[in-house]
Structure formats: C-alpha cells, structure tokens
>>> print(open('upload_34.txt').read())   # compact mmCIF, C-alpha atoms and all ligand atoms
# COMPACT_ATOMS: atom_id res chain seq x y z
CA MET A 18 -119.49 -6.48 114.57
CA LYS A 19 -116.48 -6.91 116.85
CA THR A 20 -113.46 -6.43 114.66
CA THR A 21 -112.78 -3.34 112.63
CA PRO A 22 -110.91 -4.17 109.42
CA LYS A 23 -107.76 -2.38 108.39
CA CYS A 24 -107.73 -0.58 105.06
CA SER A 25 -106.24 -2.84 102.38
CA LYS A 26 -104.67 0.21 100.72
CA CYS A 27 -103.01 2.04 103.62
CA GLN A 28 -103.57 -0.19 106.73
CA THR A 29 -105.53 2.53 108.60
CA GLU A 30 -108.33 1.30 110.90
CA MET A 31 -111.65 1.70 109.08
CA GLU A 32 -114.93 3.22 110.31
CA VAL A 33 -118.13 1.17 110.17
CA GLY A 34 -121.18 2.52 108.35
CA TYR A 35 -123.55 1.68 105.56
CA VAL A 36 -124.55 2.95 102.13
CA LEU A 37 -127.99 4.53 102.24
CA ASP A 38 -130.57 3.34 99.73
CA ARG A 39 -133.92 4.80 98.73
CA GLY A 40 -136.61 2.21 99.21
CA HIS A 41 -140.40 2.13 98.97
CA GLY A 42 -141.97 5.61 99.03
CA ASN A 43 -138.49 7.16 98.95
CA ALA A 44 -137.89 5.92 102.52
CA ARG A 45 -134.29 5.95 103.66
CA GLN A 46 -132.90 2.48 104.36
CA PRO A 47 -129.50 0.78 104.48
CA ALA A 48 -128.38 -0.96 101.30
CA THR A 49 -129.42 -4.58 101.16
CA TRP A 50 -127.63 -7.44 99.45
CA VAL A 51 -129.97 -9.83 97.61
CA GLU A 52 -128.86 -13.14 96.14
CA GLY A 53 -129.01 -13.80 92.39
CA GLU A 54 -129.76 -11.50 89.47
CA PRO A 55 -132.22 -8.61 89.84
CA VAL A 56 -135.69 -9.42 88.48
CA ARG A 57 -137.84 -6.46 87.51
CA SER A 58 -141.38 -6.58 88.81
CA PHE A 59 -144.21 -4.36 87.59
CA TRP A 60 -145.64 -4.03 91.09
CA ALA A 61 -142.61 -3.79 93.32
CA GLY A 62 -139.75 -2.42 91.22
CA THR A 63 -137.33 -5.27 91.76
CA LYS A 64 -138.73 -8.63 92.79
CA ILE A 65 -137.01 -9.97 95.90
CA ALA A 66 -139.61 -12.32 97.39
CA GLY A 67 -138.07 -15.61 98.42
CA LYS A 68 -134.53 -14.33 97.92
CA GLU A 69 -131.98 -14.22 100.67
CA GLN A 70 -131.50 -10.61 101.84
CA LEU A 71 -128.71 -9.22 103.96
CA GLN A 72 -128.01 -5.75 105.25
CA VAL A 73 -124.75 -4.41 103.87
CA HIS A 74 -122.19 -2.88 106.22
CA THR A 75 -119.65 -0.67 104.52
CA PHE A 76 -116.36 0.27 106.15
CA ARG A 77 -114.69 3.51 105.18
CA CYS A 78 -111.04 4.39 105.51
CA PRO A 79 -110.80 7.87 107.08
CA LYS A 80 -107.37 8.37 105.52
CA CYS A 81 -107.77 7.45 101.84
CA GLY A 82 -111.57 7.09 101.55
CA TYR A 83 -111.51 3.46 100.42
CA LEU A 84 -114.84 1.62 100.92
CA GLU A 85 -115.14 -2.07 101.77
CA SER A 86 -118.56 -3.78 102.04
CA TYR A 87 -119.65 -6.88 103.95
CA ALA A 88 -123.00 -8.67 103.97
CA HIS A 89 -123.00 -11.04 106.94
ZN ZN B 1 -106.93 3.71 103.43
>>> encode(input="upload_34.txt", output="structure tokens", more="lines below")
Ligand SMILES: [Zn+2]
Amino acid sequence: MKTTPKCSKCQTEMEVGYVLDRGHGNARQPATWVEGEPVRSFWAGTKIAGKEQLQVHTFRCPKCGYLESYAH
C-alpha cells in the first residue's frame, strides 16, 4: 500500500497494521474479510468455500488510537 491515510478524527498520519485472528488449530493469522453473511459449518466452523476473501489491513492513529480498516 502506497498511501498512508490521515486519521479522520485528528488528521494525524496513521500506521499500517492488521487485526490478528485465531484460525484453524489456534494459528495466528491476519483478519480476513469474507463476502456475505457467515454460514456456520459443522466441519469447519464458518463455511467460506466459494466466497470472496480479502486480507484486512487496519490503520491505527498513534495519537488518538482510532482504527480504520480496508480490504483491498
Ligand atoms: Zn487520530
């Protein structure tokens, strides 16, 4: 990502990062955006096969702590 967004609350330049999720086997992984409503699956927790999935980048304002997420 080339441009760093400015905080919409206080106009400070934000830091890039991501929100950590716990995936299969408690493995650490970045949060993922999945299209549509979550569908519970007996075998896999939440069924995501065939759904569009995007890694979520979350910007954090170092001044006020505001978080802003993007899924490109
Ligand atoms: Zn801010």
>>> residues_near_ligand(input="upload_34.txt", ligand="ligand ZN 1 (chain B)", cutoff="7 Å", atoms="all atoms listed in the file", output="list in words")
Cys24, Ser25, Lys26, Cys27, Gln28, Thr29, Cys78, Pro79, Lys80, Cys81, Gly82 and Tyr83 of chain A
>>> atom_distance(input="upload_34.txt", atom1="CA of Leu71 (chain A)", atom2="CA of Ser86 (chain A)")
11.7 Å
>>> residues_around(input="upload_34.txt", residues="Tyr35 (chain A)", least_positions_apart="2", cutoff="8 Å", atoms="only C-alpha atoms", output="number ranges by chain")
A: 33, 37, 47-48, 73-76
>>> closest_residue(input="upload_34.txt", among="A:Arg57, A:Lys68, A:Arg77, A:Arg45", to="Glu32 (chain A)", atoms="all atoms listed in the file")
A:Arg77
>>> atom_distance(input="upload_34.txt", atom1="CA of Pro22 (chain A)", atom2="CA of Val36 (chain A)")
17.0 Å
>>> axis_aligned_box(input="upload_34.txt", around="region 34-53 of chain A", padding_each_side="6 Å", output="JSON")
{"center_x": -131.6, "center_y": -3.3, "center_z": 100.4, "size_x": 32.8, "size_y": 33.0, "size_z": 28.0}
>>> atom_distance(input="upload_34.txt", atom1="CA of Asp38 (chain A)", atom2="CA of Ala61 (chain A)")
15.4 Å
>>> build_atoms(input="upload_34.txt", residues="region 48-74 of chain A", atoms="N, CA, C and O atoms", output="PDB file, in the coordinates of the input")
ATOM      1  N   ALA A  48    -128.469  -0.104 102.485  1.00  0.00           N
ATOM      2  CA  ALA A  48    -128.380  -0.960 101.300  1.00  0.00           C
ATOM      3  C   ALA A  48    -128.524  -2.413 101.711  1.00  0.00           C
ATOM      4  O   ALA A  48    -128.074  -2.820 102.767  1.00  0.00           O
ATOM      5  N   THR A  49    -129.171  -3.179 100.874  1.00  0.00           N
ATOM      6  CA  THR A  49    -129.420  -4.580 101.160  1.00  0.00           C
ATOM      7  C   THR A  49    -128.844  -5.434 100.043  1.00  0.00           C
ATOM      8  O   THR A  49    -129.033  -5.134  98.866  1.00  0.00           O
ATOM      9  N   TRP A  50    -128.137  -6.483 100.432  1.00  0.00           N
ATOM     10  CA  TRP A  50    -127.630  -7.440  99.450  1.00  0.00           C
ATOM     11  C   TRP A  50    -128.681  -8.500  99.226  1.00  0.00           C
ATOM     12  O   TRP A  50    -129.248  -9.022 100.179  1.00  0.00           O
ATOM     13  N   VAL A  51    -128.990  -8.795  97.944  1.00  0.00           N
ATOM     14  CA  VAL A  51    -129.970  -9.830  97.610  1.00  0.00           C
ATOM     15  C   VAL A  51    -129.285 -10.827  96.692  1.00  0.00           C
ATOM     16  O   VAL A  51    -128.577 -10.438  95.753  1.00  0.00           O
ATOM     17  N   GLU A  52    -129.509 -12.107  96.954  1.00  0.00           N
ATOM     18  CA  GLU A  52    -128.860 -13.140  96.140  1.00  0.00           C
ATOM     19  C   GLU A  52    -129.398 -13.157  94.705  1.00  0.00           C
ATOM     20  O   GLU A  52    -130.539 -12.771  94.452  1.00  0.00           O
ATOM     21  N   GLY A  53    -128.593 -13.594  93.779  1.00  0.00           N
ATOM     22  CA  GLY A  53    -129.010 -13.800  92.390  1.00  0.00           C
ATOM     23  C   GLY A  53    -129.040 -12.528  91.565  1.00  0.00           C
ATOM     24  O   GLY A  53    -128.536 -11.483  91.971  1.00  0.00           O
ATOM     25  N   GLU A  54    -129.647 -12.640  90.382  1.00  0.00           N
ATOM     26  CA  GLU A  54    -129.760 -11.500  89.470  1.00  0.00           C
ATOM     27  C   GLU A  54    -131.026 -10.717  89.793  1.00  0.00           C
ATOM     28  O   GLU A  54    -132.018 -11.288  90.228  1.00  0.00           O
ATOM     29  N   PRO A  55    -131.004  -9.381  89.580  1.00  0.00           N
ATOM     30  CA  PRO A  55    -132.220  -8.610  89.840  1.00  0.00           C
ATOM     31  C   PRO A  55    -133.319  -8.939  88.833  1.00  0.00           C
ATOM     32  O   PRO A  55    -133.049  -9.068  87.640  1.00  0.00           O
ATOM     33  N   VAL A  56    -134.530  -9.120  89.334  1.00  0.00           N
ATOM     34  CA  VAL A  56    -135.690  -9.420  88.480  1.00  0.00           C
ATOM     35  C   VAL A  56    -136.662  -8.263  88.597  1.00  0.00           C
ATOM     36  O   VAL A  56    -137.129  -7.952  89.691  1.00  0.00           O
ATOM     37  N   ARG A  57    -136.929  -7.593  87.485  1.00  0.00           N
ATOM     38  CA  ARG A  57    -137.840  -6.460  87.510  1.00  0.00           C
ATOM     39  C   ARG A  57    -139.274  -6.935  87.704  1.00  0.00           C
ATOM     40  O   ARG A  57    -139.710  -7.901  87.104  1.00  0.00           O
ATOM     41  N   SER A  58    -139.997  -6.243  88.568  1.00  0.00           N
ATOM     42  CA  SER A  58    -141.380  -6.580  88.810  1.00  0.00           C
ATOM     43  C   SER A  58    -142.223  -5.332  88.578  1.00  0.00           C
ATOM     44  O   SER A  58    -141.863  -4.237  89.026  1.00  0.00           O
ATOM     45  N   PHE A  59    -143.331  -5.485  87.889  1.00  0.00           N
ATOM     46  CA  PHE A  59    -144.210  -4.360  87.590  1.00  0.00           C
ATOM     47  C   PHE A  59    -144.731  -3.712  88.873  1.00  0.00           C
ATOM     48  O   PHE A  59    -144.848  -2.505  88.977  1.00  0.00           O
ATOM     49  N   TRP A  60    -145.008  -4.524  89.870  1.00  0.00           N
ATOM     50  CA  TRP A  60    -145.640  -4.030  91.090  1.00  0.00           C
ATOM     51  C   TRP A  60    -144.642  -3.501  92.114  1.00  0.00           C
ATOM     52  O   TRP A  60    -144.936  -2.545  92.817  1.00  0.00           O
ATOM     53  N   ALA A  61    -143.493  -4.113  92.206  1.00  0.00           N
ATOM     54  CA  ALA A  61    -142.610  -3.790  93.320  1.00  0.00           C
ATOM     55  C   ALA A  61    -141.236  -3.264  92.908  1.00  0.00           C
ATOM     56  O   ALA A  61    -140.333  -3.177  93.726  1.00  0.00           O
ATOM     57  N   GLY A  62    -141.053  -2.893  91.641  1.00  0.00           N
ATOM     58  CA  GLY A  62    -139.750  -2.420  91.220  1.00  0.00           C
ATOM     59  C   GLY A  62    -138.846  -3.588  90.913  1.00  0.00           C
ATOM     60  O   GLY A  62    -138.785  -4.055  89.796  1.00  0.00           O
ATOM     61  N   THR A  63    -138.147  -4.076  91.917  1.00  0.00           N
ATOM     62  CA  THR A  63    -137.330  -5.270  91.760  1.00  0.00           C
ATOM     63  C   THR A  63    -137.898  -6.355  92.656  1.00  0.00           C
ATOM     64  O   THR A  63    -138.139  -6.129  93.839  1.00  0.00           O
ATOM     65  N   LYS A  64    -138.112  -7.527  92.064  1.00  0.00           N
ATOM     66  CA  LYS A  64    -138.730  -8.630  92.790  1.00  0.00           C
ATOM     67  C   LYS A  64    -137.704  -9.312  93.683  1.00  0.00           C
ATOM     68  O   LYS A  64    -136.690  -9.800  93.190  1.00  0.00           O
ATOM     69  N   ILE A  65    -137.970  -9.353  94.990  1.00  0.00           N
ATOM     70  CA  ILE A  65    -137.010  -9.970  95.900  1.00  0.00           C
ATOM     71  C   ILE A  65    -137.643 -11.028  96.790  1.00  0.00           C
ATOM     72  O   ILE A  65    -136.995 -11.575  97.667  1.00  0.00           O
ATOM     73  N   ALA A  66    -138.928 -11.319  96.559  1.00  0.00           N
ATOM     74  CA  ALA A  66    -139.610 -12.320  97.390  1.00  0.00           C
ATOM     75  C   ALA A  66    -138.915 -13.662  97.274  1.00  0.00           C
ATOM     76  O   ALA A  66    -138.567 -14.103  96.184  1.00  0.00           O
ATOM     77  N   GLY A  67    -138.680 -14.294  98.408  1.00  0.00           N
ATOM     78  CA  GLY A  67    -138.070 -15.610  98.420  1.00  0.00           C
ATOM     79  C   GLY A  67    -136.563 -15.612  98.255  1.00  0.00           C
ATOM     80  O   GLY A  67    -135.930 -16.650  98.291  1.00  0.00           O
ATOM     81  N   LYS A  68    -135.979 -14.419  98.075  1.00  0.00           N
ATOM     82  CA  LYS A  68    -134.530 -14.330  97.920  1.00  0.00           C
ATOM     83  C   LYS A  68    -133.896 -14.025  99.277  1.00  0.00           C
ATOM     84  O   LYS A  68    -134.485 -13.339 100.105  1.00  0.00           O
ATOM     85  N   GLU A  69    -132.707 -14.527  99.449  1.00  0.00           N
ATOM     86  CA  GLU A  69    -131.980 -14.220 100.670  1.00  0.00           C
ATOM     87  C   GLU A  69    -131.595 -12.740 100.648  1.00  0.00           C
ATOM     88  O   GLU A  69    -131.115 -12.228  99.641  1.00  0.00           O
ATOM     89  N   GLN A  70    -131.826 -12.036 101.762  1.00  0.00           N
ATOM     90  CA  GLN A  70    -131.500 -10.610 101.840  1.00  0.00           C
ATOM     91  C   GLN A  70    -130.633 -10.333 103.064  1.00  0.00           C
ATOM     92  O   GLN A  70    -130.907 -10.838 104.145  1.00  0.00           O
ATOM     93  N   LEU A  71    -129.615  -9.552 102.871  1.00  0.00           N
ATOM     94  CA  LEU A  71    -128.710  -9.220 103.960  1.00  0.00           C
ATOM     95  C   LEU A  71    -128.420  -7.730 103.963  1.00  0.00           C
ATOM     96  O   LEU A  71    -128.257  -7.119 102.902  1.00  0.00           O
ATOM     97  N   GLN A  72    -128.368  -7.159 105.161  1.00  0.00           N
ATOM     98  CA  GLN A  72    -128.010  -5.750 105.250  1.00  0.00           C
ATOM     99  C   GLN A  72    -126.510  -5.607 105.012  1.00  0.00           C
ATOM    100  O   GLN A  72    -125.718  -6.407 105.495  1.00  0.00           O
ATOM    101  N   VAL A  73    -126.152  -4.617 104.234  1.00  0.00           N
ATOM    102  CA  VAL A  73    -124.750  -4.410 103.870  1.00  0.00           C
ATOM    103  C   VAL A  73    -124.108  -3.389 104.806  1.00  0.00           C
ATOM    104  O   VAL A  73    -124.629  -2.300 105.009  1.00  0.00           O
ATOM    105  N   HIS A  74    -122.994  -3.795 105.420  1.00  0.00           N
ATOM    106  CA  HIS A  74    -122.190  -2.880 106.220  1.00  0.00           C
ATOM    107  C   HIS A  74    -121.005  -2.448 105.356  1.00  0.00           C
ATOM    108  O   HIS A  74    -120.361  -3.283 104.743  1.00  0.00           O
TER     109      HIS A  74
END
